[in-house]
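Down below is the structure, laid out as structure tokens.
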Amino acid sequence: MYGIGIDVGSAYTKAVLARIREDGQVEVVVHDVIPTKPDMRKCVREIFERTLKMGGIAKEDVRAIVGTGYGGKIVQLEVGGSIASEITCHARGAKYLFPNCKGVIDVGGQDAKAIKLDDEGRVIGFEMNDKCAAGTGRFLEVMSKVLDVGIEEFGEIYLKTERRASITNTCTVFAQTEVISLISQGVPKEEIIAGLIEAFASRVAGLAKIVGITRDVVASGGVAKSVGFVKALERRLGCEIWVPKEPIIVGALGAALLALK
Amino acid sequence: MRKLFREMFQRHLSRLMELKSRGKPVGWFWACSPTELAYVFDVVNVFPEQYSAYCASKGASDKLIDVAIEYHYGEFTCDYLKCSIGSILNSEIAPLGGHCGMKPDFVLDSRMACYSGHHAMSEVFANLYSNLKRFIIDAPFWTEDKIGKIEFPAKKPEKISKEDYDFVVTQLWDFMHFLEGLTGEKLDEERMKRVFEVAEKTSRNLIEIADLMISKPTPMSQMDYRGFPLIGFYITAADYALEFTQEALEIIKKRVERGEGVAEEEKLRLLSQGIIPWYSELYKYYEERGVVFPLNLYVEDTFCLIESSKPLESLVRRSMSLWNCDADAWIESVLRRAKRADLDGAILFENTGCRLFSYGLRRFKETLWEGLGIPSVIVEAPQCDPRGMPLERAITKINAFIESLL
């Protein structure tokens, strides 16, 4: 019995195919990640068909499909199934990967969320950024372009740099102006990047603190791949943060688990 | 219900026009102020806050807000102020001819609900309209030592300290003298009695409707209930409001008797608190999905039991809204009510267009959780500016909250 979860984010569309084995255990069969394109219906269809092909199954073998992310509705329109919120899906996915997980911090392309779980993995509180892109992947993308440094290099640079430029954490556009000003003042790019990661982490940690996440935390979303960000967040929260091997698919995984439920 | 409400509103507008044509003075009144007295003296009663809510529900508030901002009124000031100012400064784009519906001869500058905004807004209006008369009524911020515990939504306190009572009542008499001077008519005590008798019946109907709302299943949509603040705050003394509430009460009673609910199948029962984002149809969206709202504290906070045998005391009690009372005084009553409503959760609207409302929300969220184990979600929602509330984000947040409850 198979279930598919598809998470349509602003930057990437992710899919997970999972199944219930004969011994009753859930197993992830395959996963896939493709860039989200303006024609999202086509994008959903593409990842759905690719996932079926990678899993070596037909559509008829799939018991249920769950869409999530800001394009969750498109999943429902294009390939059927139901919709679940990203918060529920990230919580499910994180709990599956780390059974002792009590909190999830998800930083995606355009939003950030902090989710608190009870012992059974139920969501008992959450916060998300409301209207501002500060504290989201978009913030780092914008800064990467301004600094002409690859986003994937930010983490390592942060870890190696002791001095950190002071940068606002309230607005991506204003922070961009600040960065340009710092460059013109001759502040080394490394210090600016380290300052950006600090500002970014403080914004995200703020969400986690509102919810009351203090331990057993899982980071999900594409930004969790940045070791520097995770380290900065650990310092802010005063606890170790667990990072899955593929943090970007946690939401899709949770959706697949819901499909199997 | 909506048809009845529209008819009532039309009758209200007709009354205003008729009085205006007879040369009666136009007064602007704020929430929780003694609007019953407008009916005693045949004053044309206009409500800038209600007008702003009306504009938002008609999709006209954003343009009015922009006008105010263009005139350097800060983006973070009260949404009602910005809408009102927009309707004054550019009446051509404003509904009902702008000027909050009608240019004022006086403003009742009261501090009976919003202890920061109403006074400052009256000051602004006085600057925008030369010759605008202002009458200021002040009420204390009601603490537990002054009133003991207070019953919600009737606003019946255990006591009222004599000093504070006299302080407000003296001003109410002065206001009546002010209206005598303005209208050239002496206070007609028989008329006052009749006006307060109507207000008493209306207010009792409202409180009974609030009690019926917590029945299972929830008998009325919030899309209907959200119109009730117009009655609770401003027109309890109007015969058309009494007729509307009587008809509404009968409809709701029958629905309760027949076990008819707003949703086909009630999945979750939520409390709603905070000023409603007037431009949105969030309630409709959720009620269609089985999520109902048997308790709307914002709507019910506009109610107040008016007693015709104690008219002035009733007007003093009008100022005992949740915003103008120490939470220690009302929380027990509100929690009792929430318990009766058998709630699963709460949606708390953080009104960026009204700081007064936003300040207490986090504490209220904690109290609901600690007192009754009711979880809440706080959603940022300026009451009149749809651009400040990305609807998809709000729905994502509320949906996640709902999923966590199911």
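Here, A, B, ... name the chains of the structure tokens in the order displayed, residue numbers run from 1 inside each chain, and ligands are numbered from 1 in the same displayed order.
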### Message
For a quick test of understanding: name the residues of chain B lying within 12 Å of chain A when counting only C-alpha atoms, and present them as a ChimeraX atom specification.
### Response
/B:345,350,362,365-366,369,373-381,387-406
Take the residues from that selection and write them out as a tab-separated table (two decimals), in the first residue's frame, keeping N, CA and C atoms.
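Produced file result_9.tsv, reproduced below:
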chain	number	residue	atom	x	y	z
B	345	GLY	N	-11.36	25.48	20.90
B	345	GLY	CA	-10.21	26.37	20.71
B	345	GLY	C	-10.67	27.81	20.53
B	350	GLU	N	-5.42	39.68	16.30
B	350	GLU	CA	-4.55	40.75	16.79
B	350	GLU	C	-4.73	41.93	15.84
B	362	ARG	N	-2.15	38.14	24.38
B	362	ARG	CA	-1.27	37.04	24.80
B	362	ARG	C	-1.64	36.56	26.20
B	365	LYS	N	-4.73	34.55	25.90
B	365	LYS	CA	-4.40	33.22	25.36
B	365	LYS	C	-3.92	32.30	26.49
B	366	GLU	N	-3.05	32.81	27.32
B	366	GLU	CA	-2.53	32.01	28.43
B	366	GLU	C	-3.65	31.65	29.41
B	369	TRP	N	-5.84	28.89	28.21
B	369	TRP	CA	-5.15	27.61	28.29
B	369	TRP	C	-5.06	27.13	29.74
B	373	GLY	N	-7.91	24.90	29.54
B	373	GLY	CA	-7.23	24.00	28.60
B	373	GLY	C	-7.64	24.25	27.16
B	374	ILE	N	-8.07	25.49	26.87
B	374	ILE	CA	-8.48	25.82	25.50
B	374	ILE	C	-7.29	26.44	24.76
B	375	PRO	N	-6.82	25.80	23.68
B	375	PRO	CA	-5.71	26.38	22.93
B	375	PRO	C	-6.19	27.49	21.99
B	376	SER	N	-5.31	28.41	21.69
B	376	SER	CA	-5.67	29.55	20.83
B	376	SER	C	-4.64	29.74	19.74
B	377	VAL	N	-5.09	30.38	18.69
B	377	VAL	CA	-4.14	30.86	17.69
B	377	VAL	C	-4.36	32.36	17.53
B	378	ILE	N	-3.25	33.10	17.45
B	378	ILE	CA	-3.35	34.54	17.26
B	378	ILE	C	-3.09	34.85	15.79
B	379	VAL	N	-4.00	35.56	15.18
B	379	VAL	CA	-3.88	35.89	13.76
B	379	VAL	C	-3.85	37.41	13.61
B	380	GLU	N	-2.82	37.87	12.94
B	380	GLU	CA	-2.71	39.32	12.74
B	380	GLU	C	-3.80	39.77	11.77
B	381	ALA	N	-4.59	40.75	12.18
B	381	ALA	CA	-5.74	41.14	11.36
B	381	ALA	C	-6.12	42.60	11.61
B	387	ARG	N	-5.01	44.92	3.12
B	387	ARG	CA	-3.63	44.75	2.65
B	387	ARG	C	-2.69	44.34	3.78
B	388	GLY	N	-3.15	44.52	5.00
B	388	GLY	CA	-2.32	44.15	6.15
B	388	GLY	C	-2.58	42.72	6.60
B	389	MET	N	-3.43	42.02	5.88
B	389	MET	CA	-3.75	40.64	6.29
B	389	MET	C	-3.75	39.74	5.07
B	390	PRO	N	-2.58	39.19	4.71
B	390	PRO	CA	-2.58	38.27	3.57
B	390	PRO	C	-3.46	37.07	3.91
B	391	LEU	N	-4.56	36.96	3.18
B	391	LEU	CA	-5.59	35.99	3.54
B	391	LEU	C	-5.09	34.55	3.48
B	392	GLU	N	-4.27	34.26	2.46
B	392	GLU	CA	-3.79	32.88	2.32
B	392	GLU	C	-2.95	32.47	3.52
B	393	ARG	N	-2.13	33.45	4.00
B	393	ARG	CA	-1.29	33.16	5.16
B	393	ARG	C	-2.16	32.93	6.39
B	394	ALA	N	-3.17	33.77	6.51
B	394	ALA	CA	-4.06	33.63	7.67
B	394	ALA	C	-4.76	32.27	7.63
B	395	ILE	N	-5.22	31.88	6.45
B	395	ILE	CA	-5.93	30.60	6.33
B	395	ILE	C	-4.99	29.43	6.62
B	396	THR	N	-3.74	29.55	6.12
B	396	THR	CA	-2.75	28.49	6.40
B	396	THR	C	-2.58	28.33	7.90
B	397	LYS	N	-2.49	29.46	8.57
B	397	LYS	CA	-2.25	29.43	10.01
B	397	LYS	C	-3.47	28.84	10.74
B	398	ILE	N	-4.63	29.31	10.36
B	398	ILE	CA	-5.84	28.82	11.04
B	398	ILE	C	-6.07	27.34	10.71
B	399	ASN	N	-5.82	26.97	9.45
B	399	ASN	CA	-5.99	25.55	9.08
B	399	ASN	C	-5.08	24.64	9.90
B	400	ALA	N	-3.84	25.09	10.08
B	400	ALA	CA	-2.90	24.28	10.86
B	400	ALA	C	-3.40	24.16	12.29
B	401	PHE	N	-3.94	25.25	12.81
B	401	PHE	CA	-4.48	25.22	14.16
B	401	PHE	C	-5.65	24.24	14.25
B	402	ILE	N	-6.51	24.31	13.25
B	402	ILE	CA	-7.69	23.43	13.24
B	402	ILE	C	-7.26	21.96	13.13
B	403	GLU	N	-6.28	21.70	12.27
B	403	GLU	CA	-5.79	20.32	12.15
B	403	GLU	C	-5.25	19.80	13.48
B	404	SER	N	-4.64	20.71	14.24
B	404	SER	CA	-4.09	20.28	15.52
B	404	SER	C	-5.20	19.97	16.53
B	405	LEU	N	-6.40	20.49	16.28
B	405	LEU	CA	-7.52	20.25	17.20
B	405	LEU	C	-8.33	19.00	16.83
B	406	LEU	N	-8.28	18.65	15.56
B	406	LEU	CA	-9.13	17.53	15.11
B	406	LEU	C	-8.55	16.17	15.51
### Task
Give the strand (DSSP E or B) residues of segment 62-106 of chain A, as DSSP finds them on the backbone, and put them as number ranges by chain.
A: 62-69, 82-83, 103-106
Fewer than 5 positions away in the same chain doesn't count, so skip those; otherwise give me all residues within 9 Å of Ile197 of chain A, counting only C-alpha atoms, as a short mmCIF file (atom, residue, chain, number, x, y, z; two decimals) with N, CA and C atoms, in the first residue's frame.
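Result file selection-v5.cif:
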data_model
loop_
_atom_site.label_atom_id
_atom_site.label_comp_id
_atom_site.auth_asym_id
_atom_site.auth_seq_id
_atom_site.Cartn_x
_atom_site.Cartn_y
_atom_site.Cartn_z
N LEU A 140 18.15 34.97 2.52
CA LEU A 140 19.51 34.53 2.17
C LEU A 140 19.76 34.61 0.67
N PHE A 154 27.57 30.17 2.64
CA PHE A 154 27.31 31.02 3.81
C PHE A 154 27.65 30.32 5.14
N GLY A 155 27.21 29.07 5.24
CA GLY A 155 27.37 28.35 6.50
C GLY A 155 28.82 28.19 6.89
N TYR A 158 30.38 31.44 7.93
CA TYR A 158 29.95 31.83 9.28
C TYR A 158 30.78 31.11 10.34
N ILE A 192 30.22 40.32 6.95
CA ILE A 192 28.82 40.64 6.60
C ILE A 192 27.98 39.36 6.58
N SER A 202 18.52 34.89 14.66
CA SER A 202 17.81 35.53 15.77
C SER A 202 16.33 35.67 15.45
N GLY A 228 26.06 26.57 9.15
CA GLY A 228 26.25 27.82 9.90
C GLY A 228 24.95 28.27 10.53
N PHE A 229 23.87 28.20 9.77
CA PHE A 229 22.57 28.60 10.30
C PHE A 229 22.18 27.72 11.49
N ALA A 232 24.25 28.66 14.48
CA ALA A 232 23.80 29.94 15.05
C ALA A 232 22.49 29.76 15.82
#
### Close residues, segment 252-257 of chain A itself excluded, 9 Å, only C-alpha atoms, min 3 positions apart in chain, as a ChimeraX atom specification
/A:2-8,13-19,26,28,31,64-69,83-86,88-96,248-249,260-261
### helix (DSSP H, G or I) positions in segment 128-278 of chain B, given as a VMD selection string
chain B and resid 128 144 to 147 162 to 183 189 to 213 222 to 225 228 to 234 239 to 258
### Message
Could you tell me how far atom CA of Asp216 of chain A sits from atom CA of Ile151 of chain A, in Å to one decimal place?
### Response
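Calculated distance between atom CA of Ile151 of chain A and atom CA of Asp216 of chain A is 26.9 Å.
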#### Entry: Coordinates-based distance that separates atom CA of Ile47 of chain A from atom CA of Ala259 of chain A (Å, one decimal)
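Computed distance, atom CA of Ala259 of chain A to atom CA of Ile47 of chain A, equals 16.6 Å.
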### Task
May I have the residues within 10 Å of Tyr51 of chain B as number ranges by chain, using only C-alpha atoms and disregarding those fewer than 3 positions away in the same chain?
B: 46-48, 54-57, 61, 80, 83-84, 87, 95-96, 98-101, 230
### Message
Under the rule that only C-alpha atoms are counted, which of B:Glu36, B:Glu332, B:Ala68, B:Asp239 is the nearest residue to Arg11 of chain B?
### Response
B:Asp239
### Task
Could you please determine the separation between atom CA of Glu163 of chain B and atom CA of Lys193 of chain B in Å, to one decimal place?
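Between these atoms lies a distance of 25.3 Å.
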### Message
Need the shell around Ile180 of chain A: protein/DNA/RNA residues with any atom at most 12 Å away, counting only C-alpha atoms. Skip same-chain ones fewer than 5 positions apart. Format as a PyMOL selection string?
### Response
chain A and resi 142-148+167+173-175+185-189+192
Expected file: the selected residues, N, CA and C atoms, as a PDB file, in the first residue's frame:
ATOM      1  N   VAL A 142      18.485  36.743  -1.469  1.00  0.00           N
ATOM      2  CA  VAL A 142      18.697  38.151  -1.835  1.00  0.00           C
ATOM      3  C   VAL A 142      20.119  38.579  -1.462  1.00  0.00           C
ATOM      4  N   MET A 143      20.539  38.200  -0.272  1.00  0.00           N
ATOM      5  CA  MET A 143      21.874  38.596   0.194  1.00  0.00           C
ATOM      6  C   MET A 143      22.977  37.911  -0.622  1.00  0.00           C
ATOM      7  N   SER A 144      22.695  36.682  -1.018  1.00  0.00           N
ATOM      8  CA  SER A 144      23.666  35.945  -1.816  1.00  0.00           C
ATOM      9  C   SER A 144      23.943  36.689  -3.123  1.00  0.00           C
ATOM     10  N   LYS A 145      22.866  37.218  -3.723  1.00  0.00           N
ATOM     11  CA  LYS A 145      23.021  37.951  -4.983  1.00  0.00           C
ATOM     12  C   LYS A 145      23.789  39.248  -4.760  1.00  0.00           C
ATOM     13  N   VAL A 146      23.448  39.961  -3.689  1.00  0.00           N
ATOM     14  CA  VAL A 146      24.107  41.247  -3.414  1.00  0.00           C
ATOM     15  C   VAL A 146      25.607  41.035  -3.188  1.00  0.00           C
ATOM     16  N   LEU A 147      25.924  39.974  -2.447  1.00  0.00           N
ATOM     17  CA  LEU A 147      27.326  39.732  -2.091  1.00  0.00           C
ATOM     18  C   LEU A 147      28.090  38.937  -3.156  1.00  0.00           C
ATOM     19  N   ASP A 148      27.335  38.373  -4.108  1.00  0.00           N
ATOM     20  CA  ASP A 148      27.924  37.518  -5.138  1.00  0.00           C
ATOM     21  C   ASP A 148      28.687  36.348  -4.511  1.00  0.00           C
ATOM     22  N   ILE A 167      23.613  43.617  11.710  1.00  0.00           N
ATOM     23  CA  ILE A 167      22.626  43.808  10.628  1.00  0.00           C
ATOM     24  C   ILE A 167      21.213  43.615  11.183  1.00  0.00           C
ATOM     25  N   VAL A 173      14.567  43.942   2.619  1.00  0.00           N
ATOM     26  CA  VAL A 173      14.973  45.043   1.736  1.00  0.00           C
ATOM     27  C   VAL A 173      15.905  46.014   2.476  1.00  0.00           C
ATOM     28  N   PHE A 174      15.547  46.345   3.706  1.00  0.00           N
ATOM     29  CA  PHE A 174      16.402  47.267   4.461  1.00  0.00           C
ATOM     30  C   PHE A 174      17.747  46.613   4.786  1.00  0.00           C
ATOM     31  N   ALA A 175      17.707  45.315   5.074  1.00  0.00           N
ATOM     32  CA  ALA A 175      18.960  44.615   5.353  1.00  0.00           C
ATOM     33  C   ALA A 175      19.861  44.636   4.118  1.00  0.00           C
ATOM     34  N   GLN A 185      31.620  50.524   2.899  1.00  0.00           N
ATOM     35  CA  GLN A 185      32.505  50.951   3.995  1.00  0.00           C
ATOM     36  C   GLN A 185      33.755  50.069   4.089  1.00  0.00           C
ATOM     37  N   GLY A 186      33.799  49.036   3.273  1.00  0.00           N
ATOM     38  CA  GLY A 186      34.973  48.161   3.249  1.00  0.00           C
ATOM     39  C   GLY A 186      34.922  47.033   4.257  1.00  0.00           C
ATOM     40  N   VAL A 187      33.773  46.773   4.822  1.00  0.00           N
ATOM     41  CA  VAL A 187      33.655  45.647   5.768  1.00  0.00           C
ATOM     42  C   VAL A 187      33.814  44.351   4.979  1.00  0.00           C
ATOM     43  N   PRO A 188      34.682  43.436   5.441  1.00  0.00           N
ATOM     44  CA  PRO A 188      34.890  42.186   4.694  1.00  0.00           C
ATOM     45  C   PRO A 188      33.578  41.411   4.507  1.00  0.00           C
ATOM     46  N   LYS A 189      33.448  40.791   3.336  1.00  0.00           N
ATOM     47  CA  LYS A 189      32.229  40.031   3.021  1.00  0.00           C
ATOM     48  C   LYS A 189      31.961  38.953   4.065  1.00  0.00           C
ATOM     49  N   ILE A 192      30.215  40.317   6.952  1.00  0.00           N
ATOM     50  CA  ILE A 192      28.819  40.640   6.598  1.00  0.00           C
ATOM     51  C   ILE A 192      27.983  39.359   6.584  1.00  0.00           C
TER      52      ILE A 192
END
### Message
Applying 7 Å and only C-alpha atoms, which residues near Ile160 of chain B remain after dropping the ones on its own chain fewer than 3 positions away? List them as a ChimeraX atom specification.
### Response
/B:146-147,157,165
#### Entry: Residue nearest Arg236 of chain A - candidates A:Gln25, A:Thr214, A:Thr136, A:Gln110, atoms counted: only C-alpha atoms
A:Thr214
Return as a tab-separated table the residues of segment 24-64 of chain B lying at most 12 Å from segment 116-123 of chain B, together with the closest atom-to-atom pair for each and the distance in Å to one decimal, counting only C-alpha atoms, with rows in chain order and ascending residue number.
residue	atom	partner	partner_atom	distance
B:Gly27	CA	B:Ser122	CA	11.7
B:Trp28	CA	B:Ser122	CA	9.1
B:Phe29	CA	B:His118	CA	9.5
B:Trp30	CA	B:His118	CA	6.9
B:Ala31	CA	B:His118	CA	8.8
B:Cys32	CA	B:His118	CA	10.7
B:Ser33	CA	B:His118	CA	10.5
B:Phe47	CA	B:His118	CA	11.7
B:Pro48	CA	B:Met121	CA	10.0
B:Glu49	CA	B:His118	CA	10.0
